[in-house]
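Engineer: My structure is below; once you've seen it, I'll send some questions.
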Amino acid sequence: MFNNFFFIGLPYAALVIVLVGSLFRYFRFGFKVSSLSSQFLEGRELFFGSRPFHWGIIFLFFGHAVAFLFPRSVIAWGSLPVRLIILEATALGFAFLTLFGLILLVQRRFKKKRILAVTSKMDVFVVVILLFQVGSGIWIAFFDRWGSVWFASVLTPYLKSIFLFNPDIAAVSAMPSGVQIHIISAFIFIGMIPFTRFIHFLVYPFVYIWRPYIYVIWNWDRKTIRQSKKLVNGVRSKNF
Amino acid sequence: MDVRSQISMVFHLDKCIGCHTCSIACKNIWTDRKGAEYMWWNNVETKPGTGYPSKWEDQDIYKGGWEVRGKNLSLRGAGKFKGLKNLFHNPSLPVIDDYYEPWTYEYAHLFEAKESDDQPVARPVSLITGEYITPSAGPNWDDDLSGSQEYARNDVNFKNLSPQEQEAMFELERMTMHYLPRICNHCLNPACVAGCPSGAIYKRGEDGIVLINQKKCRAWRMCITACPYKKTYYNWNTGKSEKCILCYPRLETGQIPACMHTCVGRIRYLGVMLYDADKTKAVASCAEEELVDRQLDMYPDPFDPEIIKAARENGIADSTITAAQKSPVYKFVKKWGLALPLHPEFRTLPNLFYVPPLLPTMAFVENGTYETTSESFWGAIEKSRLPMKYLANLFSAGNEKTIEIVLKKLMAVRLHRRDVTVGDLPENEITDPMNEVSMDKETADAIFRLTSLSLFTERFVIPAAHREEAMEMLESTADVKGNIGFGFKEPPKRGL
C-alpha cells in the first residue's frame, strides 16, 4: 500500500502534473515563466553560489541520465575498482560543489535584505527541496555504496517500467530507506516544477544556438495583402 | 536592395534646456510601477558627466555593443558563446547600485507621529526593502555639473584628451556643459536583439521599433550587457527586461511619443527614414572612421523614383513614403548634414541623431563679459572652450573633421540670420563662411525655420499605421468581438 502509493502513484502524478502544468503555464501564463534572476540586486555573492551550484547540478542530472540511458556501459565501467572509484569520487565531488553553491545561495537569499524582498514562499520550498535532495544524495553516496552500480541494475529497470506503463516496484520496495526517500523527494521535485521557478530549466534557450542574431518580426505583411486573392490568407501574428 | 522604413529621431542639443520634462512624462506613463521605479527610459544627462547608469559609455566595464574581430562582427560581452556560458552569472551586468536605489519618503509619519519635542520628518525609505536609507545616487545626481570633481572629471569621453586640455575644461569661468537627453536608439543593428538568448527582443519590420516580448523574456539579462547605451532595464520585481517602446501605442494612433510631445525646448523631431537593410552588416563592420558616413549612406533619397519603386515592391505604403519625403529627420541628417549619431563606434547604427551643441563651444569670457562673437568665427571654433575632440568622442567616433563641418554649418546659419535681422556685419564675414560649407541662403533659412519656428506638424511626421488592415492580419476579428483589444490580459504579476 505504502509502496504502491509512493512508487507508482506519486511518479505518475508527478509526470502528469509536470507535463500538463508546464504546458499550461507556458501557454496561458507566459509572463510568469522566468528564471527570476536576482543578480541585478546582488551580483558578487551570486557568482560564488550560482556558478558552482548550476554546473554541479547539471553534471549530477546528466550523471543520473547516463545511468538510466546506458546502464550496461555504466556497469561495465564500474567493473574495475579504480574506474569505479574515479567515477564515484567525481560524482561525489560535484555533489559537494552543488551543496557548497546551494548553501551560499541560501544564506545570500536570507541574509541580504534586497534578495529577501524578492523571495516568495515557493522560493523557500525550492531551497528546502534542493537541500534535501542534495543532502540525501550525499548520504546515499556514503552509506549505500556504490550508487552507480546499483542504480544501473535496480533503478534503471524500475524507471523504465514506469515509462513503459508497466510499473514493477519489487526491487525498489526492497531498497534501503535512504534511497527510497531520495526517490520520493525526486518525484515531489519533478511534480513541483510548474509551480516554482524550476520552470526556467525547461525553457533553456537552445534556439539561440542556431537562430540568426538579428530578429525582425513583421506583424503584418502588406506584400501578402496586396498580392493575395483570398479573402482570408491565414497569416497570424508570429509574436505569441 | 531591401528598402524598409524606420521611425527615427533628431534631438537638437543647442535647444535643450535640461528641464527633464521628457523624463517625467515618460515616467508617469510607463515606469511608475514596482520594480521599474529606477528605470528612466528617457533620461537627460549633463555632459561632461558620468551619466546614468554611472559610466555607461565605458565598454571596458560594461562590455556593450559590437566589436570587429578580424573580419567578423561580434558582440563584446554577449552572443551565442559568451551569453550561454555566462547564463548563471553574467560578469558584466550592472547592478542596481550602478543606477541608484529607488526611494520614497515616509510621508505618513508626518501625520501619525506621536506628540514630542521635535518636529516629525519624512525620512527616505528604500522602494526595494522598505528600510530607511540615505540616498547617495540618483538619475541626475550630477545635474548641472554638481559634484564635478567626482562626476564630470570621470567622464569617459575624456579618454584621449591631454591632461592640459582636461584641466582647461575645468578652469573657473571656462567650464562648460551641455545636456544630453537619451532614449532608446531603436538601432538598425540592435545589440540587445542579438544578445537575447530567448529571442524575446525583436525589431518590428514595419517601423523598426525595438521591443521586448514580455511573455518570452526569461531574465537571462544579456540584453542589459549587450546594449552599449544601457537602454534595456531589468525589472527586479517581475523578472523581465523592459525598454523604451517609443510610445508605439501612441504612434500607431497618430500621436507623438510622450517625451517628444512634452518637450519644452522643442528640441525633438521625429519622422520616417527609409533604409537599405541589405547594407546593415557591411556598414556595421566597416572601419571606425567611416562609420558615420557609411551609416548615412544607408538612408536613400525618398524622392528618387527608383527608391520609391523598391519601397513599394517591399510593401511600404504610399502614406509612409510620403511621410519619409516630409521627414524632418531626413532634412537634418541627410539633406543638411547637421545631425550625427551618438557613439557610432558601438556599431549598433542608432536611429537617434543629435545636432551637436554650438553655444558652449563658441562662447568665452573676455574682460569679464560673456562674449559670443569674435573677430573671426572660424578662429573661435578652434579656440572653443569645449575641445572639439570631446564632441568628436561623443558623436563621430573621434573624427574631429565631421564635427567641425557641422559646427561651421550651424555657425553659417547664425551669421546669415544675423545679416537678415541686424545686418551689422561686413558682407565677406557672412559669405565666406557660407561658401566654405557651400550653403545658400534658402537652405540657411530653411534650417532656421525648422530649428526655431517649426510647427508641431513639421517637427513630427508620423505615417499612418493602417491598423484597419493590420487588425485583419493579426487575428480573426469575429473571434475577439466584445474583448478589450490587443495585448495580453494577464496582470503583470511576478511568477512563482
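Identifiers in the C-alpha cells: chain A, B, ... in order shown; residue index from 1 per chain; ligand index from 1 in order shown.
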At a cut-off of 8 Å, which residues of chain A touch chain B? Count only C-alpha atoms and give the answer as a VMD selection string.

Structural biologist: chain A and resid 29 to 43 46 to 47 50 to 51 54 113 to 114 117 to 118 120 122 to 123 195 to 197 200 203 to 205 207 to 209 212 to 223 226 234 to 237 239 to 240

Engineer: Which neighbours of Leu99 of chain A fall inside 8 Å, counting only C-alpha atoms, when residues of the same chain fewer than 2 positions from it are skipped, and could you give them as number ranges by chain?

Structural biologist: A: 53, 95-97, 101-103, 131, 134-135

Engineer: Go ahead and dump the residues you just picked, N, CA and C atoms, as an mmCIF file, in the first residue's frame.

Structural biologist:
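Final output, saved to part_28.cif:
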```
data_model
loop_
_atom_site.group_PDB
_atom_site.id
_atom_site.type_symbol
_atom_site.label_atom_id
_atom_site.label_comp_id
_atom_site.auth_asym_id
_atom_site.auth_seq_id
_atom_site.Cartn_x
_atom_site.Cartn_y
_atom_site.Cartn_z
ATOM 1 N N PHE A 53 26.814 25.900 -8.080
ATOM 2 C CA PHE A 53 25.552 25.183 -7.937
ATOM 3 C C PHE A 53 25.054 24.691 -9.290
ATOM 4 N N ALA A 95 28.630 16.662 -6.273
ATOM 5 C CA ALA A 95 27.558 16.812 -5.289
ATOM 6 C C ALA A 95 27.959 17.832 -4.231
ATOM 7 N N PHE A 96 29.227 17.763 -3.788
ATOM 8 C CA PHE A 96 29.685 18.735 -2.789
ATOM 9 C C PHE A 96 29.744 20.133 -3.381
ATOM 10 N N LEU A 97 30.123 20.220 -4.665
ATOM 11 C CA LEU A 97 30.156 21.518 -5.338
ATOM 12 C C LEU A 97 28.758 22.129 -5.348
ATOM 13 N N GLY A 101 27.583 25.528 -3.372
ATOM 14 C CA GLY A 101 26.914 26.656 -4.039
ATOM 15 C C GLY A 101 25.554 26.917 -3.436
ATOM 16 N N LEU A 102 24.843 25.842 -3.175
ATOM 17 C CA LEU A 102 23.490 25.965 -2.651
ATOM 18 C C LEU A 102 23.483 26.660 -1.285
ATOM 19 N N ILE A 103 24.432 26.263 -0.430
ATOM 20 C CA ILE A 103 24.483 26.879 0.901
ATOM 21 C C ILE A 103 24.774 28.373 0.788
ATOM 22 N N LEU A 131 18.007 21.339 -0.935
ATOM 23 C CA LEU A 131 18.908 20.948 0.150
ATOM 24 C C LEU A 131 18.665 19.498 0.518
ATOM 25 N N VAL A 134 19.940 17.124 -2.404
ATOM 26 C CA VAL A 134 21.394 17.008 -2.486
ATOM 27 C C VAL A 134 21.922 16.321 -1.225
ATOM 28 N N GLY A 135 21.354 16.683 -0.071
ATOM 29 C CA GLY A 135 21.786 16.070 1.189
ATOM 30 C C GLY A 135 21.553 14.566 1.193
#
```

Engineer: Choose the residue, out of B:Arg182, B:Arg4, B:Arg385, B:Arg347, that has the smallest atom-to-atom separation from Thr320 of chain B; count only C-alpha atoms.

Structural biologist: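 Nearest to Thr320 of chain B: B:Arg4.
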
Engineer: Can you tell me how far atom CA of Gly51 of chain B sits from atom CA of Cys16 of chain B, in Å to one decimal?

Structural biologist: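 Between atom CA of Gly51 of chain B and atom CA of Cys16 of chain B the gap works out to 16.3 Å.
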
Engineer: Considering only C-alpha atoms, return as a VMD selection string whatever protein or nucleic-acid residues lie within 9 Å of segment 154-166 of chain B, sequence-local ones (same chain, fewer than 2 positions apart) excluded.

Structural biologist: chain B and resid 47 to 51 55 to 58 148 to 152 168 to 170 387 389 to 394 398

Engineer: Atom CA of Ser241 of chain B and atom CA of Phe24 of chain A, how far apart in Å?

Structural biologist: 22.7 Å

Engineer: Give me the residues near Ile162 of chain A as a list in words, where near means some atom within 12 Å (using only C-alpha atoms) and where sequence neighbours in that chain fewer than 6 positions away do not count.

Structural biologist: Phe7, Ile8, Gly9, Leu10, Pro11, Tyr12, Ala13, Ala14, Leu15, Leu155, Thr156, Asp168, Ile169 and Val172 of chain A

Engineer: Could you tell me, as an MDAnalysis selection string, which residues of segment 111-227 of chain A DSSP assigns to helix (DSSP H, G or I) when given the backbone?

Structural biologist: chainID A and resid 111 113:117 121:143 147:163 170:173 177:191 193:195 197:203 206:209 222:227

Engineer: What would the file look like if the residues just selected were written as a PDB file, in the first residue's frame with C-alpha atoms?

Structural biologist:
```
ATOM      1  CA  LYS A 111      20.733  37.480   4.732  1.00  0.00           C
ATOM      2  CA  LYS A 113      17.516  42.362   2.608  1.00  0.00           C
ATOM      3  CA  ARG A 114      17.146  43.121  -1.084  1.00  0.00           C
ATOM      4  CA  ILE A 115      17.057  39.466  -2.031  1.00  0.00           C
ATOM      5  CA  LEU A 116      14.655  38.703   0.797  1.00  0.00           C
ATOM      6  CA  ALA A 117      12.339  41.315  -0.706  1.00  0.00           C
ATOM      7  CA  LYS A 121       7.016  31.132  -0.357  1.00  0.00           C
ATOM      8  CA  MET A 122       7.752  28.935  -3.330  1.00  0.00           C
ATOM      9  CA  ASP A 123      11.387  30.028  -3.250  1.00  0.00           C
ATOM     10  CA  VAL A 124      11.591  28.711   0.307  1.00  0.00           C
ATOM     11  CA  PHE A 125      10.159  25.425  -0.937  1.00  0.00           C
ATOM     12  CA  VAL A 126      12.712  25.369  -3.768  1.00  0.00           C
ATOM     13  CA  VAL A 127      15.550  25.829  -1.325  1.00  0.00           C
ATOM     14  CA  VAL A 128      14.266  23.195   1.094  1.00  0.00           C
ATOM     15  CA  ILE A 129      13.691  20.516  -1.517  1.00  0.00           C
ATOM     16  CA  LEU A 130      17.067  21.145  -3.160  1.00  0.00           C
ATOM     17  CA  LEU A 131      18.908  20.948   0.150  1.00  0.00           C
ATOM     18  CA  PHE A 132      17.030  17.779   0.995  1.00  0.00           C
ATOM     19  CA  GLN A 133      17.686  16.228  -2.380  1.00  0.00           C
ATOM     20  CA  VAL A 134      21.394  17.008  -2.486  1.00  0.00           C
ATOM     21  CA  GLY A 135      21.786  16.070   1.189  1.00  0.00           C
ATOM     22  CA  SER A 136      20.082  12.706   0.793  1.00  0.00           C
ATOM     23  CA  GLY A 137      22.126  12.056  -2.350  1.00  0.00           C
ATOM     24  CA  ILE A 138      25.361  12.604  -0.484  1.00  0.00           C
ATOM     25  CA  TRP A 139      24.095  10.442   2.381  1.00  0.00           C
ATOM     26  CA  ILE A 140      23.439   7.603  -0.081  1.00  0.00           C
ATOM     27  CA  ALA A 141      26.820   8.025  -1.712  1.00  0.00           C
ATOM     28  CA  PHE A 142      28.430   7.498   1.697  1.00  0.00           C
ATOM     29  CA  PHE A 143      26.294   4.798   3.235  1.00  0.00           C
ATOM     30  CA  GLY A 147      25.467   4.012  -6.313  1.00  0.00           C
ATOM     31  CA  SER A 148      26.485   3.945  -9.961  1.00  0.00           C
ATOM     32  CA  VAL A 149      26.346   0.148  -9.999  1.00  0.00           C
ATOM     33  CA  TRP A 150      23.095  -0.487  -8.175  1.00  0.00           C
ATOM     34  CA  PHE A 151      21.359   2.439  -9.881  1.00  0.00           C
ATOM     35  CA  ALA A 152      22.028   0.905 -13.253  1.00  0.00           C
ATOM     36  CA  SER A 153      20.905  -2.544 -12.192  1.00  0.00           C
ATOM     37  CA  VAL A 154      17.957  -1.713  -9.917  1.00  0.00           C
ATOM     38  CA  LEU A 155      16.614   1.757 -10.546  1.00  0.00           C
ATOM     39  CA  THR A 156      17.027   1.784 -14.309  1.00  0.00           C
ATOM     40  CA  PRO A 157      14.641  -1.168 -14.744  1.00  0.00           C
ATOM     41  CA  TYR A 158      12.237   0.450 -12.282  1.00  0.00           C
ATOM     42  CA  LEU A 159      12.205   3.798 -14.091  1.00  0.00           C
ATOM     43  CA  LYS A 160      11.959   2.019 -17.420  1.00  0.00           C
ATOM     44  CA  SER A 161       8.916   0.095 -16.137  1.00  0.00           C
ATOM     45  CA  ILE A 162       7.326   3.410 -15.113  1.00  0.00           C
ATOM     46  CA  PHE A 163       7.845   4.920 -18.531  1.00  0.00           C
ATOM     47  CA  ALA A 170       9.558  -5.193  -6.302  1.00  0.00           C
ATOM     48  CA  ALA A 171      13.198  -4.095  -6.351  1.00  0.00           C
ATOM     49  CA  VAL A 172      12.554  -0.531  -5.234  1.00  0.00           C
ATOM     50  CA  SER A 173      10.489  -1.694  -2.266  1.00  0.00           C
ATOM     51  CA  SER A 177      15.096   3.767   3.255  1.00  0.00           C
ATOM     52  CA  GLY A 178      17.714   6.448   2.386  1.00  0.00           C
ATOM     53  CA  VAL A 179      17.419   5.564  -1.275  1.00  0.00           C
ATOM     54  CA  GLN A 180      13.633   5.415  -1.080  1.00  0.00           C
ATOM     55  CA  ILE A 181      13.461   8.879   0.444  1.00  0.00           C
ATOM     56  CA  HIS A 182      15.758  10.217  -2.284  1.00  0.00           C
ATOM     57  CA  ILE A 183      13.417   8.764  -4.933  1.00  0.00           C
ATOM     58  CA  ILE A 184      10.258  10.093  -3.293  1.00  0.00           C
ATOM     59  CA  SER A 185      11.604  13.591  -2.900  1.00  0.00           C
ATOM     60  CA  ALA A 186      12.837  13.488  -6.504  1.00  0.00           C
ATOM     61  CA  PHE A 187       9.309  12.888  -7.726  1.00  0.00           C
ATOM     62  CA  ILE A 188       7.949  15.636  -5.489  1.00  0.00           C
ATOM     63  CA  PHE A 189      10.602  17.884  -7.005  1.00  0.00           C
ATOM     64  CA  ILE A 190       9.524  16.952 -10.525  1.00  0.00           C
ATOM     65  CA  GLY A 191       5.851  17.443  -9.736  1.00  0.00           C
ATOM     66  CA  ILE A 193       8.323  22.183 -11.484  1.00  0.00           C
ATOM     67  CA  PRO A 194       5.292  24.045 -12.908  1.00  0.00           C
ATOM     68  CA  PHE A 195       4.593  25.771  -9.599  1.00  0.00           C
ATOM     69  CA  ARG A 197      10.953  28.860 -10.543  1.00  0.00           C
ATOM     70  CA  PHE A 198      12.229  25.391 -11.523  1.00  0.00           C
ATOM     71  CA  ILE A 199      10.291  26.011 -14.746  1.00  0.00           C
ATOM     72  CA  HIS A 200      13.226  28.034 -16.015  1.00  0.00           C
ATOM     73  CA  PHE A 201      15.258  24.993 -16.932  1.00  0.00           C
ATOM     74  CA  LEU A 202      12.507  23.806 -19.263  1.00  0.00           C
ATOM     75  CA  VAL A 203      12.911  26.999 -21.279  1.00  0.00           C
ATOM     76  CA  PHE A 206      18.616  26.175 -27.134  1.00  0.00           C
ATOM     77  CA  VAL A 207      17.132  28.004 -30.120  1.00  0.00           C
ATOM     78  CA  TYR A 208      19.692  30.769 -29.649  1.00  0.00           C
ATOM     79  CA  ILE A 209      22.419  28.440 -30.858  1.00  0.00           C
ATOM     80  CA  ARG A 222       1.490  44.186 -46.634  1.00  0.00           C
ATOM     81  CA  LYS A 223       3.000  42.430 -49.629  1.00  0.00           C
ATOM     82  CA  THR A 224       0.862  39.391 -48.881  1.00  0.00           C
ATOM     83  CA  ILE A 225      -2.221  41.534 -48.519  1.00  0.00           C
ATOM     84  CA  ARG A 226      -1.629  43.233 -51.824  1.00  0.00           C
ATOM     85  CA  GLN A 227      -0.907  40.076 -53.758  1.00  0.00           C
TER      86      GLN A 227
END
```

Engineer: Separation of atom CA of His12 of chain B and atom CA of Phe353 of chain B, in Å?

Structural biologist: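 These two atoms are separated by 8.5 Å.
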